[in-house]
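Engineer: input35.txt (compact mmCIF, C-alpha atoms) pasted underneath:
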```txt
# COMPACT_ATOMS: atom_id res chain seq x y z
CA MET M 1 -28.07 24.29 -40.30
CA ASN M 2 -30.82 22.55 -42.22
CA LYS M 3 -33.28 20.07 -40.76
CA ARG M 4 -31.16 17.05 -41.61
CA ASP M 5 -28.08 18.53 -39.92
CA CYS M 6 -30.09 19.34 -36.80
CA GLU M 7 -31.42 15.80 -36.58
CA THR M 8 -27.95 14.37 -37.16
CA LEU M 9 -26.44 16.57 -34.46
CA LEU M 10 -29.21 15.65 -32.03
CA GLU M 11 -28.74 11.94 -32.68
CA TYR M 12 -24.95 12.22 -32.37
CA THR M 13 -25.08 14.18 -29.12
CA LEU M 14 -27.60 11.81 -27.57
CA GLY M 15 -25.27 8.98 -28.55
CA LEU M 16 -22.44 10.65 -26.65
CA GLY M 17 -24.64 11.06 -23.60
CA ARG M 18 -25.70 7.42 -23.80
CA GLN M 19 -22.10 6.25 -24.05
CA MET M 20 -21.12 8.40 -21.07
CA MET M 21 -23.86 6.83 -18.95
CA GLU M 22 -22.76 3.36 -20.10
CA CYS M 23 -19.21 4.17 -19.01
CA GLY M 24 -20.33 5.13 -15.50
CA ALA M 25 -20.35 8.94 -15.78
CA GLU M 26 -22.47 11.07 -13.46
CA ALA M 27 -25.84 12.10 -14.87
CA TRP M 28 -25.11 15.81 -14.47
CA ARG M 29 -21.85 15.43 -16.41
CA ALA M 30 -23.62 13.78 -19.35
CA GLU M 31 -26.30 16.48 -19.30
CA ASN M 32 -23.71 19.25 -19.16
CA THR M 33 -21.74 17.74 -22.05
CA MET M 34 -24.80 17.47 -24.28
CA ALA M 35 -25.90 21.03 -23.46
CA ARG M 36 -22.45 22.47 -24.26
CA ILE M 37 -22.34 20.74 -27.65
CA PHE M 38 -25.77 22.04 -28.58
CA ARG M 39 -24.84 25.58 -27.55
CA ALA M 40 -21.61 25.36 -29.54
CA TYR M 41 -23.78 25.02 -32.67
CA GLY M 42 -26.01 27.93 -31.71
CA MET M 43 -28.96 25.92 -30.44
CA GLU M 44 -31.04 26.79 -27.40
CA VAL M 45 -31.20 23.88 -24.97
CA LEU M 46 -34.72 23.47 -23.64
CA ASP M 47 -33.99 20.14 -21.98
CA ALA M 48 -31.03 17.82 -21.53
CA HIS M 49 -31.71 14.95 -19.20
CA ALA M 50 -29.77 11.77 -18.46
CA MET M 51 -30.69 8.71 -16.40
CA PRO M 52 -29.12 5.25 -16.12
CA THR M 53 -31.77 3.92 -18.49
CA GLN M 54 -32.52 6.86 -20.80
CA VAL M 55 -31.04 10.05 -22.28
CA ALA M 56 -33.32 12.79 -23.60
CA ALA M 57 -32.90 16.26 -25.08
CA THR M 58 -35.02 18.99 -26.64
CA VAL M 59 -33.37 21.84 -28.54
CA LYS M 60 -34.59 24.94 -30.36
CA THR M 61 -32.94 26.41 -33.43
CA LYS M 62 -32.60 30.11 -34.20
CA ALA M 63 -35.49 29.73 -36.64
CA GLY M 64 -37.73 28.59 -33.78
CA GLU M 65 -37.89 24.90 -34.74
CA HIS M 66 -38.02 22.36 -31.92
CA TYR M 67 -36.20 19.00 -32.05
CA PRO M 68 -36.99 16.55 -29.22
CA SER M 69 -35.52 13.06 -29.03
CA THR M 70 -34.72 10.28 -26.58
CA CYS M 71 -32.19 7.46 -26.50
CA MET M 72 -32.38 4.29 -24.43
CA VAL M 73 -29.43 3.14 -22.30
CA LEU M 74 -29.18 -0.63 -21.97
CA PRO M 75 -28.31 -1.65 -18.39
CA GLU M 76 -26.52 -4.73 -19.75
CA LYS M 77 -23.96 -2.47 -21.45
CA THR M 78 -23.23 -0.30 -18.43
CA GLY M 79 -20.00 -0.60 -16.49
CA MET M 80 -17.06 1.46 -15.34
CA ASN M 81 -14.84 2.22 -18.35
CA LEU M 82 -12.74 5.28 -17.54
CA ARG M 83 -10.58 4.93 -20.65
CA ARG M 84 -13.54 5.23 -23.00
CA LEU M 85 -15.09 7.96 -20.84
CA GLU M 86 -11.94 10.04 -21.17
CA MET M 87 -12.03 9.57 -24.96
CA ILE M 88 -15.63 10.83 -25.04
CA ASN M 89 -14.78 13.81 -22.82
CA ALA M 90 -11.81 14.73 -25.03
CA ALA M 91 -13.95 14.53 -28.18
CA ALA M 92 -16.68 16.66 -26.59
CA ARG M 93 -14.20 19.32 -25.49
CA GLN M 94 -12.72 19.47 -29.00
CA ILE M 95 -16.19 19.83 -30.55
CA CYS M 96 -17.07 22.69 -28.19
CA PHE M 97 -13.73 24.44 -28.77
CA ASP M 98 -13.82 24.21 -32.58
CA PRO M 99 -17.21 22.91 -33.83
CA PRO M 100 -16.67 20.96 -37.07
CA PRO M 101 -19.33 20.60 -39.77
CA VAL M 102 -22.03 18.17 -38.73
CA SER M 103 -20.97 15.79 -41.49
CA GLN M 104 -17.46 15.66 -39.99
CA LEU M 105 -18.30 14.97 -36.36
CA PRO M 106 -15.66 12.59 -34.92
CA THR M 107 -16.42 8.93 -34.47
CA ILE M 108 -15.26 7.66 -31.12
CA LYS M 109 -13.69 4.23 -31.35
CA ASP M 110 -12.04 2.31 -28.55
CA ASN M 111 -9.21 0.47 -30.29
CA SER M 112 -8.06 -1.36 -27.17
CA PRO M 113 -8.04 -5.15 -27.57
CA ARG M 114 -10.93 -7.14 -26.16
CA TRP M 115 -8.57 -9.28 -24.10
CA ALA M 116 -6.05 -6.81 -22.69
CA VAL M 117 -3.00 -8.17 -20.89
CA SER M 118 -2.83 -5.05 -18.73
CA GLU M 119 -6.36 -5.65 -17.45
CA LEU M 120 -5.57 -9.29 -16.71
CA ILE M 121 -2.47 -8.26 -14.76
CA GLY M 122 -4.60 -5.76 -12.86
CA TYR M 123 -7.04 -8.50 -11.87
CA ILE M 124 -4.20 -10.80 -10.77
CA LEU M 125 -2.31 -8.20 -8.77
CA GLY M 126 -5.40 -6.62 -7.24
CA ILE M 127 -7.06 -9.85 -6.13
CA GLY M 128 -3.81 -11.44 -4.94
CA ALA M 129 -2.80 -8.32 -3.03
CA PHE M 130 -6.14 -8.14 -1.22
CA ALA M 131 -5.82 -11.76 -0.11
CA VAL M 132 -2.39 -11.05 1.39
CA PHE M 133 -3.41 -7.65 2.78
CA PHE M 134 -6.21 -9.11 4.89
CA GLY M 135 -3.91 -11.63 6.56
CA GLY M 136 -3.34 -14.40 4.04
CA ASN M 137 -0.02 -15.95 3.15
CA LEU M 138 1.71 -15.98 -0.21
CA LEU M 139 -0.01 -19.20 -1.27
CA ASP M 140 -3.40 -17.64 -0.53
CA GLY M 141 -2.49 -14.69 -2.74
CA ILE M 142 -1.33 -16.93 -5.60
CA LEU M 143 -4.44 -19.12 -5.51
CA SER M 144 -6.72 -16.13 -5.23
CA ALA M 145 -4.96 -14.50 -8.21
CA LEU M 146 -5.38 -17.67 -10.31
CA ILE M 147 -9.10 -17.65 -9.59
CA GLY M 148 -9.04 -13.97 -10.60
CA CYS M 149 -7.99 -15.06 -14.09
CA GLY M 150 -11.24 -17.01 -14.35
CA ILE M 151 -13.19 -14.00 -13.08
CA TYR M 152 -11.57 -11.86 -15.78
CA CYS M 153 -12.69 -14.28 -18.48
CA LEU M 154 -16.23 -14.39 -17.09
CA ASP M 155 -16.36 -10.60 -17.00
CA HIS M 156 -15.49 -10.33 -20.68
CA LEU M 157 -17.97 -13.04 -21.61
CA ARG M 158 -20.67 -11.05 -19.82
CA MET M 159 -19.85 -7.91 -21.79
CA ARG M 160 -19.87 -9.89 -25.02
CA ASN M 161 -23.20 -11.58 -24.35
CA LEU M 162 -24.79 -8.54 -22.60
CA GLN M 163 -25.80 -10.60 -19.59
CA ASN M 164 -27.62 -8.96 -16.69
CA ARG M 165 -24.98 -7.73 -14.24
CA THR M 166 -26.71 -8.93 -11.06
CA ILE M 167 -27.14 -12.43 -12.44
CA TYR M 168 -23.54 -12.40 -13.66
CA ILE M 169 -22.23 -11.43 -10.21
CA MET M 170 -24.18 -14.28 -8.62
CA ILE M 171 -22.87 -16.82 -11.14
CA ALA M 172 -19.29 -15.53 -10.98
CA CYS M 173 -19.28 -15.54 -7.17
CA PHE M 174 -20.69 -19.05 -7.15
CA ALA M 175 -18.00 -20.27 -9.56
CA SER M 176 -15.15 -18.52 -7.73
CA GLY M 177 -16.46 -19.85 -4.41
CA LEU M 178 -16.37 -23.42 -5.72
CA LEU M 179 -12.85 -22.90 -7.07
CA ALA M 180 -11.74 -21.48 -3.72
CA ARG M 181 -13.21 -24.49 -1.91
CA LEU M 182 -11.43 -26.79 -4.38
CA CYS M 183 -8.12 -25.02 -3.77
CA ALA M 184 -8.58 -25.37 -0.01
CA GLY M 185 -9.18 -29.09 -0.48
CA ILE M 186 -6.07 -29.56 -2.64
CA PHE M 187 -3.78 -27.36 -0.51
CA PRO M 188 -4.59 -27.89 3.19
CA MET M 189 -2.03 -25.26 4.23
CA CYS M 190 -3.97 -22.42 2.54
CA ASN M 191 -6.72 -20.36 4.16
CA LEU M 192 -10.11 -20.61 2.50
CA ASP M 193 -11.41 -17.39 4.03
CA MET M 194 -8.43 -15.37 2.78
CA ILE M 195 -8.83 -16.72 -0.75
CA VAL M 196 -12.52 -15.84 -0.72
CA ILE M 197 -11.83 -12.35 0.66
CA GLY M 198 -9.33 -11.68 -2.11
CA ASP M 199 -11.76 -12.76 -4.82
CA ILE M 200 -14.78 -11.08 -3.30
CA MET M 201 -13.15 -7.64 -3.34
CA ILE M 202 -13.35 -7.43 -7.14
CA PHE M 203 -17.16 -7.64 -6.91
CA ILE M 204 -17.75 -5.17 -4.07
CA PRO M 205 -20.03 -2.42 -5.51
CA GLY M 206 -18.35 0.36 -3.56
CA LEU M 207 -18.03 2.68 -6.53
CA SER M 208 -21.69 2.27 -7.50
CA LEU M 209 -22.75 3.06 -3.94
CA VAL M 210 -20.54 6.15 -3.77
CA ASN M 211 -21.78 7.35 -7.16
CA GLY M 212 -25.36 6.86 -6.01
CA VAL M 213 -24.81 8.98 -2.91
CA ARG M 214 -23.05 11.63 -4.98
CA GLU M 215 -25.98 11.75 -7.43
CA LEU M 216 -28.29 12.41 -4.49
CA PHE M 217 -26.14 15.37 -3.45
CA TYR M 218 -26.42 16.67 -7.03
CA SER M 219 -30.23 16.43 -6.68
CA ASP M 220 -30.45 13.63 -9.26
CA ILE M 221 -32.74 11.67 -6.97
CA LEU M 222 -33.91 8.99 -9.40
CA THR M 223 -30.40 8.31 -10.69
CA GLY M 224 -29.01 8.18 -7.15
CA ILE M 225 -31.68 5.76 -5.96
CA TYR M 226 -31.21 3.60 -9.06
CA ARG M 227 -27.48 3.24 -8.48
CA MET M 228 -27.84 2.64 -4.76
CA VAL M 229 -30.43 -0.08 -5.39
CA GLU M 230 -28.12 -1.55 -8.04
CA ALA M 231 -25.31 -1.64 -5.46
CA VAL M 232 -27.56 -3.34 -2.88
CA LEU M 233 -28.64 -5.95 -5.45
CA GLY M 234 -24.99 -6.55 -6.30
CA ALA M 235 -24.12 -7.06 -2.63
CA GLY M 236 -26.99 -9.51 -2.28
CA ALA M 237 -25.85 -11.42 -5.36
CA ILE M 238 -22.34 -11.67 -3.87
CA ALA M 239 -23.69 -13.06 -0.61
CA ILE M 240 -25.94 -15.61 -2.31
CA GLY M 241 -23.30 -16.76 -4.79
CA TYR M 242 -20.56 -17.38 -2.23
CA ALA M 243 -22.92 -18.78 0.40
CA VAL M 244 -24.34 -21.43 -1.94
CA ALA M 245 -20.87 -22.28 -3.29
CA LEU M 246 -19.37 -22.75 0.17
CA MET M 247 -22.36 -24.79 1.34
CA ILE M 248 -22.08 -27.12 -1.66
CA GLY M 249 -18.31 -27.24 -1.34
CA GLY M 250 -18.55 -28.08 2.33
CA GLY M 251 -20.92 -30.90 1.53
CA LEU M 252 -18.54 -32.27 -1.09
```
Would you kindly transcribe this structure into structure tokens?
Structural biologist:
Amino acid sequence: MNKRDCETLLEYTLGLGRQMMECGAEAWRAENTMARIFRAYGMEVLDAHAMPTQVAATVKTKAGEHYPSTCMVLPEKTGMNLRRLEMINAAARQICFDPPPVSQLPTIKDNSPRWAVSELIGYILGIGAFAVFFGGNLLDGILSALIGCGIYCLDHLRMRNLQNRTIYIMIACFASGLLARLCAGIFPMCNLDMIVIGDIMIFIPGLSLVNGVRELFYSDILTGIYRMVEAVLGAGAIAIGYAVALMIGGGL
């Protein structure tokens, strides 16, 4: 490969690693994927490193030329997107199995609609089921699910505007807390605590915490600490958002 092809391949592979980190992949998985692609094209991998905020790689060609580069990962774009992650993994496996010319590297596009009905149904069923599971009645589940529709809209607005996730969680919890308090005032027979529990479950950063612990076991100390701190900040934002909403709602 010539110099231009090497630079193109490096930029493309770093882009895959960045997208994997944005989709919630483990750091070691992104590093392994980048290294395999480079080796498929006959390059020696001197470094392939991924963090929640940056992806870096340094490769060496057979002619002895070194190509280092880095790529920034925006925290505002990160989130769990298993569908897109699977698309990236499938593309990477195909590249390693049968490396195409650099000019024909596949472009990964997620053609799913921005407002997916299946995701909305998932929010409704998940939030409503949690409200009933923890001891609420059917009305609690229905009201909690209706508030979940608003949470779904807020979540997509965050992704569109690239808002900081911690601030978004605080605002969304505050809004859903006010709506829950309003529902409790309109329907005296419902249980405010069950409605709040159903809505709060969608914000619980359990997956981020588990991923952080798992990164520590993989010896990715910085990545593990980053994700654990992110989970703690998310839990604090949940507490502040709902606490302020319920205090204001109680005063009203």
Engineer: Please measure the separation of atom CA of Ile240 of chain M and atom CA of Met170 of chain M, giving the value in Å to one decimal.
Structural biologist: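 Between atom CA of Ile240 of chain M and atom CA of Met170 of chain M the gap is 6.7 Å.
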Engineer: Excluding same-chain residues fewer than 5 positions from Asn32 of chain M, what lies within 12 Å of it counting only C-alpha atoms, as a list in words?
Structural biologist: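 Close residues of Asn32 of chain M: Thr13, Leu14, Leu16, Gly17, Met20, Ala25, Glu26, Ala27, Ile37, Phe38, Arg39, Val45, Asp47, Ala48, His49, Ala50, Ala57, Asn89, Ala92, Arg93 and Cys96 of chain M.
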Engineer: In terms of the shortest atom-to-atom distance over all atoms listed in the file, which of M:Asn211, M:Ser219, M:Asn2, M:Ser144 is closest to Ser103 of chain M?
Structural biologist: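 Closest to Ser103 of chain M, using all atoms listed in the file: M:Asn2.
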Engineer: Between atom CA of Ser176 of chain M and atom CA of Ile127 of chain M, what distance in Å does the model show, to one decimal?
Structural biologist: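 Atom-to-atom, atom CA of Ser176 of chain M to atom CA of Ile127 of chain M, that is 12.0 Å.
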Engineer: Just checking: using only C-alpha atoms, which residue out of M:Leu82, M:Met228, M:Ile151, M:Leu105 ends up closest to Val210 of chain M?
Structural biologist: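 Looking at the shortest contact to Val210 of chain M, the residue is M:Met228.
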Engineer: Quick one: everything within 10 Å of Met21 of chain M, counting all atoms listed in the file, minus sequence neighbours fewer than 3 positions away in the same chain. Send it as a list in words.
Structural biologist: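 Here the qualifying residues turn out to be Gly15, Leu16, Gly17, Arg18, Gly24, Ala25, Glu26, Ala27, Arg29, Ala30, Glu31, Ala50, Met51, Pro52, Thr53, Gln54, Val55, Val73, Leu74, Pro75, Lys77, Thr78, Gly79, Met80 and Leu85 of chain M.
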Engineer: At a cut-off of 8 Å, using only C-alpha atoms, what residues contact Ile108 of chain M? Leave out same-chain residues fewer than 6 positions from it and give the result as a PyMOL selection string.
Structural biologist: chain M and resi 87-88+91
Engineer: Could you write out the selected residues, including C-alpha atoms, as a tab-separated table (two decimals), in the frame of the given file?
Structural biologist:
```tsv
chain	number	residue	atom	x	y	z
M	87	MET	CA	-12.03	9.57	-24.96
M	88	ILE	CA	-15.63	10.83	-25.04
M	91	ALA	CA	-13.95	14.53	-28.18
```
Engineer: Taking all atoms listed in the file into account, name the residue in M:Asn137, M:Asn81, M:Asn164, M:Thr70 that is nearest to Met189 of chain M.
Structural biologist: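 That would be M:Asn137, the residue with the smallest distance to Met189 of chain M.
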Engineer: Output, as JSON, the centre and edge lengths in Å (one decimal) of the axis-aligned box that contains all listed atoms of segment 239-246 of chain M with 6 Å of margin on each side.
Structural biologist:
```
{"center_x": -22.7, "center_y": -17.9, "center_z": -2.2, "size_x": 18.6, "size_y": 21.7, "size_z": 17.2}
```
Engineer: Would you compute the distance between atom CA of Ser208 of chain M and atom CA of Ile124 of chain M? Give it in Å to one decimal.
Structural biologist: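 Between atom CA of Ser208 of chain M and atom CA of Ile124 of chain M the gap is 22.1 Å.
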Engineer: Which is closest to Asp98 of chain M among M:Tyr41, M:Leu233, M:Leu139, M:Ala129, if we use only C-alpha atoms?
Structural biologist: M:Tyr41
Engineer: Which of these, M:Gly136, M:Leu146, M:Val102, M:Met34, has the shortest distance to Arg4 of chain M once you count only C-alpha atoms?
Structural biologist: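 The shortest atom-to-atom distance to Arg4 of chain M comes from M:Val102.
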Engineer: Within 7 Å of Leu209 of chain M, counting only C-alpha atoms, which residues show up once you throw out same-chain ones fewer than 2 positions away? Write them as a list in words, please.
Structural biologist: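 That gives Pro205, Gly206, Leu207, Asn211, Gly212, Val213, Arg227, Met228 and Ala231 of chain M.
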Engineer: At a cut-off of 9 Å around the point (-31.9, 25.2, -28.5) (file coordinates), what residues fall inside when counting all atoms listed in the file? I'd like the answer as number ranges by chain.
Structural biologist: M: 35, 38-39, 42-47, 58-62, 64-67
Engineer: Using only C-alpha atoms, which of M:Gly135, M:Pro106, M:Gly224, M:Pro100 sits nearest Tyr12 of chain M?
Structural biologist: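 Selected residue with least distance to Tyr12 of chain M: M:Pro106.
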Engineer: Please extract segment 195-212 of chain M and write it out with N, CA, C and O atoms, as a PDB file, in the first residue's frame.
Structural biologist:
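Result saved to result_36.pdb:
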```
ATOM      1  N   ILE M 195     -45.068   4.768  40.948  1.00  0.00           N
ATOM      2  CA  ILE M 195     -44.874   5.447  39.665  1.00  0.00           C
ATOM      3  C   ILE M 195     -43.432   5.919  39.532  1.00  0.00           C
ATOM      4  O   ILE M 195     -42.792   5.749  38.489  1.00  0.00           O
ATOM      5  N   VAL M 196     -42.900   6.492  40.599  1.00  0.00           N
ATOM      6  CA  VAL M 196     -41.522   6.979  40.578  1.00  0.00           C
ATOM      7  C   VAL M 196     -40.545   5.822  40.411  1.00  0.00           C
ATOM      8  O   VAL M 196     -39.573   5.916  39.651  1.00  0.00           O
ATOM      9  N   ILE M 197     -40.798   4.700  41.109  1.00  0.00           N
ATOM     10  CA  ILE M 197     -39.904   3.544  40.986  1.00  0.00           C
ATOM     11  C   ILE M 197     -39.885   3.035  39.550  1.00  0.00           C
ATOM     12  O   ILE M 197     -38.828   2.694  39.004  1.00  0.00           O
ATOM     13  N   GLY M 198     -41.049   2.961  38.911  1.00  0.00           N
ATOM     14  CA  GLY M 198     -41.095   2.500  37.531  1.00  0.00           C
ATOM     15  C   GLY M 198     -40.297   3.391  36.594  1.00  0.00           C
ATOM     16  O   GLY M 198     -39.555   2.905  35.726  1.00  0.00           O
ATOM     17  N   ASP M 199     -40.428   4.708  36.782  1.00  0.00           N
ATOM     18  CA  ASP M 199     -39.712   5.642  35.904  1.00  0.00           C
ATOM     19  C   ASP M 199     -38.224   5.694  36.219  1.00  0.00           C
ATOM     20  O   ASP M 199     -37.400   5.879  35.325  1.00  0.00           O
ATOM     21  N   ILE M 200     -37.877   5.539  37.476  1.00  0.00           N
ATOM     22  CA  ILE M 200     -36.477   5.683  37.868  1.00  0.00           C
ATOM     23  C   ILE M 200     -35.622   4.537  37.346  1.00  0.00           C
ATOM     24  O   ILE M 200     -34.413   4.690  37.135  1.00  0.00           O
ATOM     25  N   MET M 201     -36.241   3.382  37.097  1.00  0.00           N
ATOM     26  CA  MET M 201     -35.476   2.209  36.677  1.00  0.00           C
ATOM     27  C   MET M 201     -34.818   2.397  35.316  1.00  0.00           C
ATOM     28  O   MET M 201     -33.784   1.786  35.030  1.00  0.00           O
ATOM     29  N   ILE M 202     -35.401   3.249  34.468  1.00  0.00           N
ATOM     30  CA  ILE M 202     -34.830   3.452  33.136  1.00  0.00           C
ATOM     31  C   ILE M 202     -33.537   4.262  33.212  1.00  0.00           C
ATOM     32  O   ILE M 202     -32.725   4.250  32.275  1.00  0.00           O
ATOM     33  N   PHE M 203     -33.316   4.957  34.341  1.00  0.00           N
ATOM     34  CA  PHE M 203     -32.115   5.777  34.487  1.00  0.00           C
ATOM     35  C   PHE M 203     -31.010   5.093  35.290  1.00  0.00           C
ATOM     36  O   PHE M 203     -29.883   5.591  35.306  1.00  0.00           O
ATOM     37  N   ILE M 204     -31.316   3.998  35.964  1.00  0.00           N
ATOM     38  CA  ILE M 204     -30.334   3.350  36.830  1.00  0.00           C
ATOM     39  C   ILE M 204     -29.099   2.957  36.007  1.00  0.00           C
ATOM     40  O   ILE M 204     -29.213   2.216  35.031  1.00  0.00           O
ATOM     41  N   PRO M 205     -27.901   3.445  36.382  1.00  0.00           N
ATOM     42  CA  PRO M 205     -26.689   3.166  35.584  1.00  0.00           C
ATOM     43  C   PRO M 205     -26.057   1.819  35.941  1.00  0.00           C
ATOM     44  O   PRO M 205     -24.841   1.733  36.140  1.00  0.00           O
ATOM     45  N   GLY M 206     -26.858   0.786  36.012  1.00  0.00           N
ATOM     46  CA  GLY M 206     -26.330  -0.525  36.387  1.00  0.00           C
ATOM     47  C   GLY M 206     -25.350  -1.070  35.370  1.00  0.00           C
ATOM     48  O   GLY M 206     -24.304  -1.631  35.730  1.00  0.00           O
ATOM     49  N   LEU M 207     -25.659  -0.891  34.086  1.00  0.00           N
ATOM     50  CA  LEU M 207     -24.788  -1.422  33.043  1.00  0.00           C
ATOM     51  C   LEU M 207     -23.451  -0.697  33.029  1.00  0.00           C
ATOM     52  O   LEU M 207     -22.395  -1.320  32.840  1.00  0.00           O
ATOM     53  N   SER M 208     -23.455   0.611  33.230  1.00  0.00           N
ATOM     54  CA  SER M 208     -22.201   1.368  33.272  1.00  0.00           C
ATOM     55  C   SER M 208     -21.335   0.919  34.438  1.00  0.00           C
ATOM     56  O   SER M 208     -20.105   0.791  34.309  1.00  0.00           O
ATOM     57  N   LEU M 209     -21.970   0.668  35.580  1.00  0.00           N
ATOM     58  CA  LEU M 209     -21.219   0.220  36.752  1.00  0.00           C
ATOM     59  C   LEU M 209     -20.614  -1.155  36.521  1.00  0.00           C
ATOM     60  O   LEU M 209     -19.441  -1.398  36.837  1.00  0.00           O
ATOM     61  N   VAL M 210     -21.406  -2.073  35.950  1.00  0.00           N
ATOM     62  CA  VAL M 210     -20.898  -3.417  35.667  1.00  0.00           C
ATOM     63  C   VAL M 210     -19.766  -3.365  34.652  1.00  0.00           C
ATOM     64  O   VAL M 210     -18.736  -4.050  34.806  1.00  0.00           O
ATOM     65  N   ASN M 211     -19.919  -2.549  33.613  1.00  0.00           N
ATOM     66  CA  ASN M 211     -18.866  -2.426  32.611  1.00  0.00           C
ATOM     67  C   ASN M 211     -17.590  -1.843  33.217  1.00  0.00           C
ATOM     68  O   ASN M 211     -16.470  -2.237  32.847  1.00  0.00           O
ATOM     69  N   GLY M 212     -17.758  -0.902  34.157  1.00  0.00           N
ATOM     70  CA  GLY M 212     -16.590  -0.334  34.814  1.00  0.00           C
ATOM     71  C   GLY M 212     -15.833  -1.376  35.619  1.00  0.00           C
ATOM     72  O   GLY M 212     -14.597  -1.441  35.574  1.00  0.00           O
TER      73      GLY M 212
END
```
